[in-house]
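Peer 1: Contents of protein-v4.cif (mmCIF, C-alpha atoms and all ligand atoms):
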```cif
data_model
loop_
_atom_site.label_atom_id
_atom_site.label_comp_id
_atom_site.auth_asym_id
_atom_site.auth_seq_id
_atom_site.Cartn_x
_atom_site.Cartn_y
_atom_site.Cartn_z
CA MET M 2 90.64 78.81 111.70
CA LYS M 3 89.28 81.26 114.18
CA ARG M 4 85.62 82.07 113.79
CA ILE M 5 84.19 85.29 115.12
CA THR M 6 80.46 85.65 115.63
CA TYR M 7 78.66 88.79 116.67
CA LEU M 8 76.59 88.23 119.78
CA SER M 9 74.72 91.44 119.17
CA LEU M 10 74.99 94.09 116.49
CA SER M 11 74.31 96.71 119.10
CA VAL M 12 77.33 95.80 121.21
CA ILE M 13 80.37 96.78 119.21
CA GLY M 14 83.40 94.71 119.91
CA LEU M 15 81.62 92.08 122.00
CA LEU M 16 82.74 88.91 120.33
CA SER M 17 82.43 85.21 120.90
CA ILE M 18 85.00 82.77 119.58
CA VAL M 19 83.24 79.77 118.15
CA GLY M 20 85.25 76.61 118.41
CA ASN M 21 87.08 77.73 121.52
CA ALA M 22 90.22 78.45 119.57
CA GLN M 23 93.11 79.90 121.45
CA CYS M 24 95.55 81.96 119.44
CA LYS M 25 99.12 83.02 120.01
CA GLU M 26 100.94 85.90 118.42
CA GLY M 27 103.99 84.69 116.58
CA LEU M 28 106.96 86.68 115.33
CA THR M 29 106.78 85.52 111.73
CA PRO M 30 107.29 88.24 109.13
CA ILE M 31 104.57 87.74 106.55
CA HIS M 32 106.43 88.98 103.54
CA SER M 33 110.13 89.14 104.33
CA GLY M 34 109.86 92.61 105.73
CA GLU M 35 108.53 94.14 102.53
CA ASN M 36 105.31 95.17 104.21
CA LEU M 37 106.63 97.73 106.62
CA ALA M 38 103.43 98.73 108.36
CA TRP M 39 102.73 95.31 109.80
CA LYS M 40 105.14 92.72 111.06
CA TRP M 41 103.43 90.03 113.06
CA GLU M 42 101.16 87.22 112.05
CA VAL M 43 98.71 85.56 114.36
CA ASP M 44 99.77 81.96 114.62
CA HIS M 45 96.88 79.63 115.24
CA LYS M 46 98.92 76.44 115.10
CA ASP M 47 98.76 76.10 118.86
CA ASP M 48 94.99 76.39 119.01
CA GLN M 49 93.71 74.12 121.75
CA PRO M 50 90.17 73.03 122.49
CA ALA M 51 88.80 74.32 125.76
CA HIS M 52 88.69 71.74 128.47
CA LYS M 53 85.62 71.03 130.48
CA GLY M 54 86.08 72.21 133.99
CA GLN M 55 88.55 74.91 132.95
CA PRO M 56 88.42 77.93 135.27
CA VAL M 57 85.99 80.50 133.92
CA HIS M 58 88.49 83.33 134.10
CA LYS M 59 90.63 81.65 131.43
CA GLY M 60 87.80 81.86 128.94
CA VAL M 61 87.18 85.49 129.88
CA GLU M 62 90.87 86.31 129.46
CA ARG M 63 90.85 84.66 126.06
CA GLU M 64 87.83 86.64 124.92
CA ILE M 65 89.37 89.90 126.09
CA LYS M 66 92.59 89.05 124.25
CA GLU M 67 90.69 88.20 121.06
CA ALA M 68 88.57 91.35 121.29
CA THR M 69 91.70 93.46 121.81
CA GLU M 70 93.36 91.79 118.86
CA TRP M 71 90.27 92.46 116.72
CA ARG M 72 90.12 96.10 117.75
CA THR M 73 93.83 96.80 117.31
CA ARG M 74 94.61 94.57 114.35
CA ARG M 75 95.61 97.47 112.12
CA GLN M 76 98.05 98.76 114.72
CA LEU M 77 99.44 95.25 115.23
CA GLY M 78 99.73 94.66 111.49
CA ILE M 79 97.39 91.68 111.48
CA PRO M 80 96.00 91.06 107.97
CA ASN M 81 92.45 89.96 107.31
CA GLN M 82 92.03 86.20 107.67
CA LYS M 83 92.21 85.32 103.96
CA LYS M 84 94.68 88.10 103.04
CA LEU M 85 92.13 89.04 100.43
CA PHE M 86 90.86 92.19 98.73
CA VAL M 87 87.61 92.10 96.75
CA ILE M 88 86.17 94.63 94.35
CA THR M 89 82.57 94.04 93.35
CA CYS M 90 79.59 96.01 92.06
CA MET M 91 77.44 98.04 94.42
CA ASP M 92 74.42 96.10 93.14
CA GLU M 93 72.23 94.79 95.96
CA ARG M 94 71.88 91.39 94.29
CA ILE M 95 75.46 90.34 95.12
CA PRO M 96 75.77 88.78 98.59
CA ILE M 97 79.53 88.97 98.28
CA HIS M 98 80.46 87.10 101.46
CA GLU M 99 78.17 84.19 100.63
CA ALA M 100 79.24 84.24 96.97
CA LEU M 101 82.90 83.77 97.89
CA GLY M 102 82.27 81.59 100.92
CA ILE M 103 83.98 84.01 103.27
CA ASP M 104 83.27 85.56 106.66
CA LEU M 105 83.29 89.17 107.84
CA ASP M 106 86.91 89.03 108.96
CA ASP M 107 88.23 87.33 105.82
CA ALA M 108 88.62 90.23 103.38
CA HIS M 109 88.87 93.91 102.60
CA ILE M 110 85.93 94.68 100.33
CA MET M 111 85.21 97.60 98.01
CA ARG M 112 82.08 98.11 95.97
CA ASN M 113 81.40 100.59 93.21
CA ALA M 114 79.24 100.94 90.12
CA GLY M 115 80.22 98.05 87.87
CA ALA M 116 83.12 96.63 89.95
CA GLU M 117 85.42 98.78 87.84
CA ILE M 118 89.06 99.59 88.49
CA THR M 119 88.87 103.27 89.30
CA ASP M 120 91.60 105.35 90.91
CA ASP M 121 90.08 104.69 94.33
CA VAL M 122 90.16 100.93 93.78
CA ILE M 123 93.83 101.22 92.85
CA ARG M 124 94.33 103.23 96.04
CA GLY M 125 92.63 100.52 98.15
CA ALA M 126 94.42 97.66 96.38
CA PHE M 127 97.76 99.45 96.66
CA LEU M 128 97.35 100.02 100.42
CA THR M 129 96.05 96.56 101.25
CA THR M 130 98.73 94.70 99.24
CA ASN M 131 101.64 96.87 100.31
CA PHE M 132 100.81 97.55 103.92
CA PHE M 133 98.04 95.25 105.19
CA GLY M 134 99.34 91.85 104.10
CA THR M 135 96.90 91.10 101.26
CA LYS M 136 98.06 88.48 98.78
CA GLU M 137 95.01 87.97 96.59
CA LEU M 138 92.71 90.29 94.64
CA ILE M 139 89.33 89.19 93.29
CA VAL M 140 87.08 91.12 90.91
CA VAL M 141 83.40 90.11 90.84
CA GLY M 142 81.16 91.55 88.13
CA HIS M 143 77.62 90.33 87.55
CA THR M 144 74.93 89.62 84.98
CA GLU M 145 72.21 92.22 84.39
CA CYS M 146 74.54 94.99 85.61
CA GLY M 147 73.14 98.52 85.60
CA MET M 148 76.34 99.67 83.91
CA MET M 149 75.09 97.89 80.77
CA SER M 150 71.62 99.42 80.92
CA ALA M 151 72.37 102.56 78.88
CA LYS M 152 74.92 103.87 76.43
CA GLY M 153 77.69 105.98 77.89
CA SER M 154 76.91 108.88 75.55
CA ASP M 155 73.26 108.88 76.65
CA VAL M 156 74.22 108.97 80.32
CA VAL M 157 76.62 111.86 79.65
CA ASN M 158 73.97 113.83 77.77
CA ALA M 159 71.45 113.26 80.56
CA ALA M 160 74.02 114.31 83.15
CA LYS M 161 74.87 117.46 81.20
CA LYS M 162 71.19 118.41 81.01
CA ARG M 163 70.81 118.01 84.76
CA LEU M 164 73.95 120.00 85.50
CA THR M 165 72.99 122.78 83.11
CA LYS M 166 69.58 123.10 84.76
CA LYS M 167 71.37 123.65 88.06
CA GLY M 168 73.75 126.16 86.51
CA LEU M 169 76.75 123.82 86.94
CA ASP M 170 79.62 123.50 84.49
CA LEU M 171 80.96 120.03 83.84
CA ASN M 172 84.45 121.44 83.32
CA LYS M 173 84.53 122.84 86.85
CA ILE M 174 83.21 119.89 88.85
CA ASN M 175 85.61 118.42 91.44
CA LEU M 176 85.57 114.66 91.02
CA ASP M 177 87.36 114.10 94.31
CA PRO M 178 86.54 116.73 96.96
CA ARG M 179 89.63 115.68 98.95
CA VAL M 180 91.92 116.25 96.01
CA PRO M 181 90.50 119.08 93.90
CA GLN M 182 93.67 118.92 91.81
CA LEU M 183 92.45 115.58 90.47
CA LYS M 184 90.63 116.72 87.35
CA LEU M 185 89.73 115.20 84.01
CA LEU M 186 91.51 116.73 81.07
CA ASN M 187 88.90 117.86 78.57
CA PRO M 188 85.89 116.66 80.63
CA ASN M 189 83.55 117.02 77.68
CA GLU M 190 85.54 114.36 75.88
CA ASN M 191 86.49 112.16 78.82
CA ILE M 192 83.53 112.20 81.18
CA GLU M 193 82.05 109.18 79.39
CA LYS M 194 85.17 107.14 80.22
CA TRP M 195 84.95 108.30 83.83
CA ILE M 196 81.32 107.19 84.13
CA GLY M 197 82.36 103.86 82.66
CA MET M 198 79.27 102.28 81.13
CA PHE M 199 80.33 99.04 79.45
CA ASP M 200 79.05 96.58 76.86
CA ASN M 201 79.92 93.15 78.21
CA VAL M 202 80.52 92.14 81.81
CA HIS M 203 82.86 89.25 81.01
CA LYS M 204 85.05 91.51 78.90
CA GLU M 205 84.97 94.23 81.55
CA VAL M 206 86.01 91.91 84.38
CA ALA M 207 88.80 90.49 82.18
CA LYS M 208 90.04 94.03 81.56
CA SER M 209 89.88 94.78 85.28
CA VAL M 210 91.96 91.70 86.11
CA GLY M 211 94.52 92.87 83.55
CA TYR M 212 94.63 96.38 85.02
CA LEU M 213 95.34 95.02 88.50
CA LYS M 214 97.90 92.46 87.32
CA ASN M 215 99.84 95.07 85.41
CA HIS M 216 99.53 98.05 87.70
CA PRO M 217 102.91 99.20 89.04
CA LEU M 218 101.48 99.83 92.53
CA ILE M 219 100.40 96.19 92.93
CA PRO M 220 103.18 93.70 93.83
CA LYS M 221 103.78 91.09 91.12
CA ASP M 222 103.38 88.12 93.48
CA VAL M 223 99.77 89.03 94.27
CA ILE M 224 97.20 86.64 92.77
CA VAL M 225 94.45 88.35 90.73
CA LYS M 226 91.27 86.51 89.72
CA GLY M 227 87.98 87.51 88.10
CA TYR M 228 84.48 86.04 88.29
CA VAL M 229 80.97 86.88 87.17
CA TRP M 230 78.04 86.49 89.55
CA ASP M 231 74.80 85.40 87.95
CA VAL M 232 71.99 87.25 89.72
CA ASN M 233 69.48 84.67 88.54
CA SER M 234 71.05 81.37 89.57
CA MET M 235 73.03 83.10 92.38
CA THR M 236 76.25 81.34 91.38
CA LEU M 237 79.71 82.39 90.21
CA GLU M 238 81.35 81.58 86.91
CA HIS M 239 84.90 82.10 85.63
CA VAL M 240 85.52 85.31 83.79
CA GLY M 241 85.73 84.67 80.05
CA LYS M 242 83.71 81.46 80.35
CA PRO M 243 80.05 82.45 80.28
CA ARG M 244 77.77 79.48 80.70
CA GLY M 245 75.24 80.99 78.31
CA GLY M 246 71.56 81.79 78.59
CA LYS M 247 72.26 84.81 80.77
CA VAL M 248 72.41 88.55 80.30
CA TYR M 249 76.03 89.58 79.89
CA SER M 250 75.82 92.54 77.51
CA THR M 251 74.06 95.73 76.53
CA LYS M 252 72.69 93.89 73.52
CA GLN M 253 71.06 91.28 75.74
CA MET M 254 69.92 94.00 78.13
CA GLY M 255 68.02 95.51 75.21
CA THR M 256 69.92 98.79 75.59
CA LYS M 257 69.11 101.13 72.72
ZN ZN Z 1 76.31 96.11 88.65
#
```
Can you give me the file's structure in the form of structure tokens?
Ligand SMILES: [Zn+2]

Peer 2:
Amino acid sequence: MKRITYLSLSVIGLLSIVGNAQCKEGLTPIHSGENLAWKWEVDHKDDQPAHKGQPVHKGVEREIKEATEWRTRRQLGIPNQKKLFVITCMDERIPIHEALGIDLDDAHIMRNAGAEITDDVIRGAFLTTNFFGTKELIVVGHTECGMMSAKGSDVVNAAKKRLTKKGLDLNKINLDPRVPQLKLLNPNENIEKWIGMFDNVHKEVAKSVGYLKNHPLIPKDVIVKGYVWDVNSMTLEHVGKPRGGKVYSTKQMGTK
């Protein structure tokens, strides 16, 4: 497996290939032509260790080739290394790469409040599975999530108060500025669902896995898995199998 390490965060695109791997572009269709936007897979089977005494220019050429491949991978239709899409919570206590044991180039990652399956997550999952070669979706919720820290109705009431003070009408707010046509029907009734406070993280992640598995825009052969990250022990557990002694719900959060 190719490993890419940033030499300096300030030098975009300057990469070093650890392990001296040499890659070769193959002509293998990843998914029998179903994914139309990308057609070629990088084949690392012929990776060779660098030889001592090799002319320097060969190493330079290799680095330029790898950097070009990194920069243009979307044009070339190269998927991320693990063909993986991850949705997790925006919470700062989830080091998602470390949690899953993956590197920067291994996955497409989205974060939102609660790791919930919103329309934008469906959009990302749809694009990555249909056009960018992704074969696996992982949902990672977590203990002590802020989305369990208040009741949905209380958040809505607080939001309404704030909007009213500013002279704004909940019924006229654009939820997606790019698509103003995308509106909630009866916002007063449905805004609580849109905000999405939930009672139990294990149940919520299980629901999210179900949404992705059954969504018509996600191919049926895509693997979908769910996990819960414990912010205390900094470990993952299977969704639906809480190990106990942790804060999984509004009740345990002490939410009134
Ligand atoms: Zn959270």

Peer 1: Tell me, as a PDB file with C-alpha atoms, in the coordinates of the input, which residues lie within 6 Å of range 191-202 of chain M, counting all atoms listed in the file; anything in the same chain fewer than 5 positions away does not count.

Peer 2:
```pdb
ATOM      1  CA  MET M 148      76.340  99.670  83.910  1.00  0.00           C
ATOM      2  CA  MET M 149      75.090  97.890  80.770  1.00  0.00           C
ATOM      3  CA  GLY M 153      77.690 105.980  77.890  1.00  0.00           C
ATOM      4  CA  TYR M 249      76.030  89.580  79.890  1.00  0.00           C
ATOM      5  CA  SER M 250      75.820  92.540  77.510  1.00  0.00           C
ATOM      6  CA  THR M 251      74.060  95.730  76.530  1.00  0.00           C
TER       7      THR M 251
END
```

Peer 1: Using only C-alpha atoms and all ligand atoms, I'd like a table of the residues in chain M that come within 6 Å of ligand ZN 1 (chain Z); for each, show the closest atom pair and its distance in Å rounded to one decimal, ordered by chain and ascending number, as a Markdown table.

Peer 2:
```
| residue | atom | partner | partner_atom | distance |
| --- | --- | --- | --- | --- |
| M:Cys90 | CA | Z:ZN1 | ZN | 4.7 |
| M:Asp92 | CA | Z:ZN1 | ZN | 4.9 |
| M:Ala114 | CA | Z:ZN1 | ZN | 5.8 |
| M:Gly115 | CA | Z:ZN1 | ZN | 4.4 |
| M:Cys146 | CA | Z:ZN1 | ZN | 3.7 |
| M:Gly147 | CA | Z:ZN1 | ZN | 5.0 |
| M:Met148 | CA | Z:ZN1 | ZN | 5.9 |
```

Peer 1: So which one's closest to Val240 in chain M, M:Ala207, M:Ile103, M:Ile110, M:Leu186? Using all atoms listed in the file, please.

Peer 2: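 Between M:Ala207, M:Ile103, M:Ile110, M:Leu186, the residue approaching Val240 in chain M most closely is M:Ala207.
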
Peer 1: Work out how far apart CA of His98 in chain M and CA of Glu67 in chain M are and give it in Å to one decimal.

Peer 2: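 That distance, rounded to one decimal, is 22.1 Å.
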
Peer 1: Quick one: of M:Val140, M:Leu85, M:Ala108, M:Leu176, who's nearest to Gly227 in chain M, counting all atoms listed in the file?

Peer 2: M:Val140

Peer 1: Please reconstruct the missing atoms of range 74-99 of chain M (target: N, CA and C atoms) and return them as a PDB file, in the frame of the given file.

Peer 2:
```pdb
ATOM      1  N   ARG M  74      93.885  95.362 115.366  1.00  0.00           N
ATOM      2  CA  ARG M  74      94.610  94.570 114.350  1.00  0.00           C
ATOM      3  C   ARG M  74      95.347  95.445 113.335  1.00  0.00           C
ATOM      4  N   ARG M  75      94.871  96.618 113.057  1.00  0.00           N
ATOM      5  CA  ARG M  75      95.610  97.470 112.120  1.00  0.00           C
ATOM      6  C   ARG M  75      96.888  98.002 112.747  1.00  0.00           C
ATOM      7  N   GLN M  76      96.834  98.321 114.049  1.00  0.00           N
ATOM      8  CA  GLN M  76      98.050  98.760 114.720  1.00  0.00           C
ATOM      9  C   GLN M  76      99.071  97.619 114.828  1.00  0.00           C
ATOM     10  N   LEU M  77      98.543  96.393 115.052  1.00  0.00           N
ATOM     11  CA  LEU M  77      99.440  95.250 115.230  1.00  0.00           C
ATOM     12  C   LEU M  77      99.934  94.689 113.897  1.00  0.00           C
ATOM     13  N   GLY M  78      99.326  95.161 112.802  1.00  0.00           N
ATOM     14  CA  GLY M  78      99.730  94.660 111.490  1.00  0.00           C
ATOM     15  C   GLY M  78      99.181  93.282 111.189  1.00  0.00           C
ATOM     16  N   ILE M  79      97.997  92.982 111.745  1.00  0.00           N
ATOM     17  CA  ILE M  79      97.390  91.680 111.480  1.00  0.00           C
ATOM     18  C   ILE M  79      96.543  91.783 110.210  1.00  0.00           C
ATOM     19  N   PRO M  80      96.797  90.976 109.206  1.00  0.00           N
ATOM     20  CA  PRO M  80      96.000  91.060 107.970  1.00  0.00           C
ATOM     21  C   PRO M  80      94.616  90.456 108.184  1.00  0.00           C
ATOM     22  N   ASN M  81      93.726  90.669 107.219  1.00  0.00           N
ATOM     23  CA  ASN M  81      92.450  89.960 107.310  1.00  0.00           C
ATOM     24  C   ASN M  81      92.728  88.458 107.130  1.00  0.00           C
ATOM     25  N   GLN M  82      91.764  87.638 107.548  1.00  0.00           N
ATOM     26  CA  GLN M  82      92.030  86.200 107.670  1.00  0.00           C
ATOM     27  C   GLN M  82      92.455  85.530 106.377  1.00  0.00           C
ATOM     28  N   LYS M  83      91.875  85.960 105.250  1.00  0.00           N
ATOM     29  CA  LYS M  83      92.210  85.320 103.960  1.00  0.00           C
ATOM     30  C   LYS M  83      93.246  86.119 103.171  1.00  0.00           C
ATOM     31  N   LYS M  84      93.726  87.224 103.753  1.00  0.00           N
ATOM     32  CA  LYS M  84      94.680  88.100 103.040  1.00  0.00           C
ATOM     33  C   LYS M  84      94.131  88.427 101.647  1.00  0.00           C
ATOM     34  N   LEU M  85      92.906  88.902 101.674  1.00  0.00           N
ATOM     35  CA  LEU M  85      92.130  89.040 100.430  1.00  0.00           C
ATOM     36  C   LEU M  85      91.526  90.431 100.303  1.00  0.00           C
ATOM     37  N   PHE M  86      91.533  90.930  99.069  1.00  0.00           N
ATOM     38  CA  PHE M  86      90.860  92.190  98.730  1.00  0.00           C
ATOM     39  C   PHE M  86      89.873  91.874  97.610  1.00  0.00           C
ATOM     40  N   VAL M  87      88.648  92.378  97.749  1.00  0.00           N
ATOM     41  CA  VAL M  87      87.610  92.100  96.750  1.00  0.00           C
ATOM     42  C   VAL M  87      87.050  93.410  96.232  1.00  0.00           C
ATOM     43  N   ILE M  88      86.905  93.513  94.926  1.00  0.00           N
ATOM     44  CA  ILE M  88      86.170  94.630  94.350  1.00  0.00           C
ATOM     45  C   ILE M  88      84.957  94.039  93.612  1.00  0.00           C
ATOM     46  N   THR M  89      83.792  94.520  94.003  1.00  0.00           N
ATOM     47  CA  THR M  89      82.570  94.040  93.350  1.00  0.00           C
ATOM     48  C   THR M  89      81.637  95.211  93.102  1.00  0.00           C
ATOM     49  N   CYS M  90      80.543  94.943  92.387  1.00  0.00           N
ATOM     50  CA  CYS M  90      79.590  96.010  92.060  1.00  0.00           C
ATOM     51  C   CYS M  90      78.756  96.368  93.293  1.00  0.00           C
ATOM     52  N   MET M  91      78.260  97.600  93.306  1.00  0.00           N
ATOM     53  CA  MET M  91      77.440  98.040  94.420  1.00  0.00           C
ATOM     54  C   MET M  91      76.032  97.422  94.387  1.00  0.00           C
ATOM     55  N   ASP M  92      75.753  96.684  93.342  1.00  0.00           N
ATOM     56  CA  ASP M  92      74.420  96.100  93.140  1.00  0.00           C
ATOM     57  C   ASP M  92      73.985  95.252  94.348  1.00  0.00           C
ATOM     58  N   GLU M  93      72.737  95.467  94.757  1.00  0.00           N
ATOM     59  CA  GLU M  93      72.230  94.790  95.960  1.00  0.00           C
ATOM     60  C   GLU M  93      71.996  93.294  95.767  1.00  0.00           C
ATOM     61  N   ARG M  94      72.133  92.815  94.522  1.00  0.00           N
ATOM     62  CA  ARG M  94      71.880  91.390  94.290  1.00  0.00           C
ATOM     63  C   ARG M  94      73.139  90.527  94.464  1.00  0.00           C
ATOM     64  N   ILE M  95      74.222  91.121  94.921  1.00  0.00           N
ATOM     65  CA  ILE M  95      75.460  90.340  95.120  1.00  0.00           C
ATOM     66  C   ILE M  95      75.736  90.189  96.615  1.00  0.00           C
ATOM     67  N   PRO M  96      75.411  89.039  97.178  1.00  0.00           N
ATOM     68  CA  PRO M  96      75.770  88.780  98.590  1.00  0.00           C
ATOM     69  C   PRO M  96      77.232  88.325  98.603  1.00  0.00           C
ATOM     70  N   ILE M  97      78.138  89.279  98.609  1.00  0.00           N
ATOM     71  CA  ILE M  97      79.530  88.970  98.280  1.00  0.00           C
ATOM     72  C   ILE M  97      80.182  87.975  99.241  1.00  0.00           C
ATOM     73  N   HIS M  98      79.845  88.059 100.533  1.00  0.00           N
ATOM     74  CA  HIS M  98      80.460  87.100 101.460  1.00  0.00           C
ATOM     75  C   HIS M  98      79.994  85.671 101.148  1.00  0.00           C
ATOM     76  N   GLU M  99      78.697  85.525 100.943  1.00  0.00           N
ATOM     77  CA  GLU M  99      78.170  84.190 100.630  1.00  0.00           C
ATOM     78  C   GLU M  99      78.705  83.720  99.287  1.00  0.00           C
TER      79      GLU M  99
END
```
